[in-house]
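S.K.: Next comes the structure file data-v2.cif, holding mmCIF, C-alpha atoms.
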```cif
data_target
loop_
_atom_site.group_PDB
_atom_site.id
_atom_site.type_symbol
_atom_site.label_atom_id
_atom_site.label_comp_id
_atom_site.auth_asym_id
_atom_site.auth_seq_id
_atom_site.Cartn_x
_atom_site.Cartn_y
_atom_site.Cartn_z
ATOM 1 C CA MET J 1 -0.693 18.793 22.328
ATOM 2 C CA VAL J 2 -1.696 16.648 25.296
ATOM 3 C CA ILE J 3 -4.101 14.671 23.111
ATOM 4 C CA ILE J 4 -1.370 14.053 20.541
ATOM 5 C CA ILE J 5 1.057 12.919 23.252
ATOM 6 C CA LEU J 6 -1.503 10.585 24.817
ATOM 7 C CA GLY J 7 -2.615 9.239 21.443
ATOM 8 C CA GLN J 8 0.923 8.405 20.390
ATOM 9 C CA ALA J 9 1.689 6.909 23.785
ATOM 10 C CA VAL J 10 -1.357 4.627 23.565
ATOM 11 C CA ILE J 11 -0.454 3.531 20.035
ATOM 12 C CA TYR J 12 3.172 2.765 20.902
ATOM 13 C CA LEU J 13 2.282 1.096 24.214
ATOM 14 C CA SER J 14 -0.262 -1.158 22.551
ATOM 15 C CA LEU J 15 2.251 -1.962 19.820
ATOM 16 C CA TRP J 16 4.871 -2.936 22.423
ATOM 17 C CA LEU J 17 2.346 -5.113 24.236
ATOM 18 C CA TRP J 18 1.232 -6.764 21.001
ATOM 19 C CA ASN J 19 4.585 -7.504 19.341
ATOM 20 C CA GLU J 20 8.039 -6.510 20.614
ATOM 21 C CA TYR J 21 9.714 -7.209 17.284
ATOM 22 C CA VAL J 22 7.549 -4.847 15.253
ATOM 23 C CA ALA J 23 7.453 -2.250 18.026
ATOM 24 C CA SER J 24 11.233 -2.119 18.384
ATOM 25 C CA TYR J 25 11.704 -1.532 14.672
ATOM 26 C CA ILE J 26 8.948 1.073 14.473
ATOM 27 C CA SER J 27 10.302 2.802 17.590
ATOM 28 C CA LEU J 28 13.664 3.102 15.860
ATOM 29 C CA ILE J 29 12.638 3.831 12.269
ATOM 30 C CA PHE J 30 9.822 6.365 12.805
ATOM 31 C CA PRO J 31 11.835 8.821 14.936
ATOM 32 C CA ILE J 32 14.691 8.732 12.419
ATOM 33 C CA MET J 33 12.337 9.409 9.503
ATOM 34 C CA ILE J 34 10.525 12.171 11.356
ATOM 35 C CA PHE J 35 13.859 13.728 12.378
ATOM 36 C CA ILE J 36 14.966 13.828 8.732
ATOM 37 C CA ILE J 37 11.656 15.400 7.702
ATOM 38 C CA LEU J 38 11.997 17.940 10.518
ATOM 39 C CA ILE J 39 15.521 18.884 9.450
ATOM 40 C CA LEU J 40 14.409 19.279 5.827
ATOM 41 C CA ALA J 41 11.457 21.436 6.906
ATOM 42 C CA LEU J 42 13.732 23.622 9.035
ATOM 43 C CA ILE J 43 16.194 24.035 6.163
ATOM 44 C CA ALA J 44 13.397 24.884 3.727
ATOM 45 C CA ASP J 45 11.937 27.356 6.205
ATOM 46 C CA TRP J 46 15.365 28.903 6.737
ATOM 47 C CA ILE J 47 15.953 29.319 2.981
ATOM 48 C CA GLU J 48 12.514 30.696 2.253
ATOM 49 C CA PRO J 49 10.286 31.567 5.214
ATOM 50 C CA SER J 50 6.902 29.929 4.896
ATOM 51 C CA ARG J 51 3.677 29.925 6.802
ATOM 52 C CA ILE J 52 4.269 26.658 8.601
ATOM 53 C CA PRO J 53 2.570 26.991 11.979
ATOM 54 C CA GLY J 54 4.599 26.588 15.150
ATOM 55 C CA TRP J 55 2.549 23.607 16.294
ATOM 56 C CA TYR J 56 3.902 21.606 13.309
ATOM 57 C CA TYR J 57 7.406 21.694 14.746
ATOM 58 C CA LYS J 58 6.119 20.816 18.211
ATOM 59 C CA VAL J 59 4.234 17.791 16.867
ATOM 60 C CA MET J 60 7.327 16.646 14.975
ATOM 61 C CA ILE J 61 9.501 16.907 18.095
ATOM 62 C CA ILE J 62 6.880 15.065 20.148
ATOM 63 C CA SER J 63 6.716 12.381 17.446
ATOM 64 C CA ILE J 64 10.469 11.900 17.788
ATOM 65 C CA ILE J 65 10.549 11.799 21.581
ATOM 66 C CA ILE J 66 7.499 9.635 22.440
ATOM 67 C CA PRO J 67 8.557 6.369 20.702
ATOM 68 C CA ILE J 68 12.060 6.650 22.140
ATOM 69 C CA ILE J 69 10.693 7.130 25.663
ATOM 70 C CA ILE J 70 8.197 4.269 25.319
ATOM 71 C CA GLY J 71 10.915 1.985 23.925
ATOM 72 C CA ALA J 72 13.272 2.903 26.763
ATOM 73 C CA VAL J 73 10.545 2.223 29.333
ATOM 74 C CA PHE J 74 9.852 -1.237 27.918
ATOM 75 C CA TYR J 75 13.571 -1.931 27.714
ATOM 76 C CA TYR J 76 13.863 -1.001 31.407
ATOM 77 C CA ILE J 77 10.783 -3.034 32.380
ATOM 78 C CA ASN J 78 12.244 -6.108 30.673
ATOM 79 C CA ASN J 79 15.561 -5.672 32.565
ATOM 80 C CA GLY J 80 17.502 -4.817 29.437
ATOM 81 C CA GLN J 81 16.265 -7.868 27.589
ATOM 82 C CA ILE J 82 14.342 -7.716 24.352
ATOM 83 C CA GLY J 83 12.747 -11.092 23.748
ATOM 84 C CA TRP J 84 13.320 -11.421 20.030
ATOM 85 C CA LEU J 85 17.016 -10.529 20.362
ATOM 86 C CA ASN J 86 17.688 -13.248 22.916
ATOM 87 C CA GLU J 87 16.143 -16.121 20.997
#
```
What would you get if you wrote out this structure as structure tokens?

M.R.:
Amino acid sequence: MVIIILGQAVIYLSLWLWNEYVASYISLIFPIMIFIILILALIADWIEPSRIPGWYYKVMIISIIIPIIIGAVFYYINNGQIGWLNE
């Protein structure tokens, strides 16, 4: 799990350093999509129990939390200013 957390953090950090515009959209869209997939998987597992391993749900939750945290950190570092919104 630590490797997955660090890998996602590196990807999102490098994306924020490369292009704020793309990073802000990806940091908003990916967690929403992953949350919807997680909800659907939980509903499907509730209706008919499957053999989905427990680490799948942990990875999905991590994949929701990491981009939001990285986006919030960059928002805080930039004093509440996102460059492409102010232009």

S.K.: Of the residues J:Tyr76, J:Trp18, J:Ile64, J:Ile4, which is the one nearest to Met33 (chain J), using only C-alpha atoms?

M.R.: J:Ile64

S.K.: How many Å separate CA of Ile61 (chain J) from CA of Ala41 (chain J)?

M.R.: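 Taking CA of Ile61 (chain J) as the start and CA of Ala41 (chain J) as the end point, the length is 12.2 Å.
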
S.K.: Just the number, please: distance in Å from CA of Pro67 (chain J) to CA of Ser27 (chain J), one decimal.

M.R.: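 Straight-line distance from CA of Pro67 (chain J) to CA of Ser27 (chain J) works out to 5.0 Å.
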
S.K.: From the options J:Ile77, J:Ile70, J:Ile43, J:Ile3, which residue's atoms come nearest to Trp16 (chain J), counting all atoms listed in the file?

M.R.: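 Nearest to Trp16 (chain J): J:Ile70.
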
S.K.: Just checking: using only C-alpha atoms, which residue out of J:Pro49, J:Gly7, J:Gly71, J:Gly54 ends up closest to Ser24 (chain J)?

M.R.: J:Gly71

S.K.: Please write as a PyMOL selection string the full residue list that the PyMOL selection byres ((chain J and resi 66) around 12) yields on this file.

M.R.: chain J and resi 2+4-13+26-28+30-31+34+59-65+67-73

S.K.: Just how far from CA of Tyr57 (chain J) is CA of Ile39 (chain J), in Å to one decimal?

M.R.: 10.1 Å
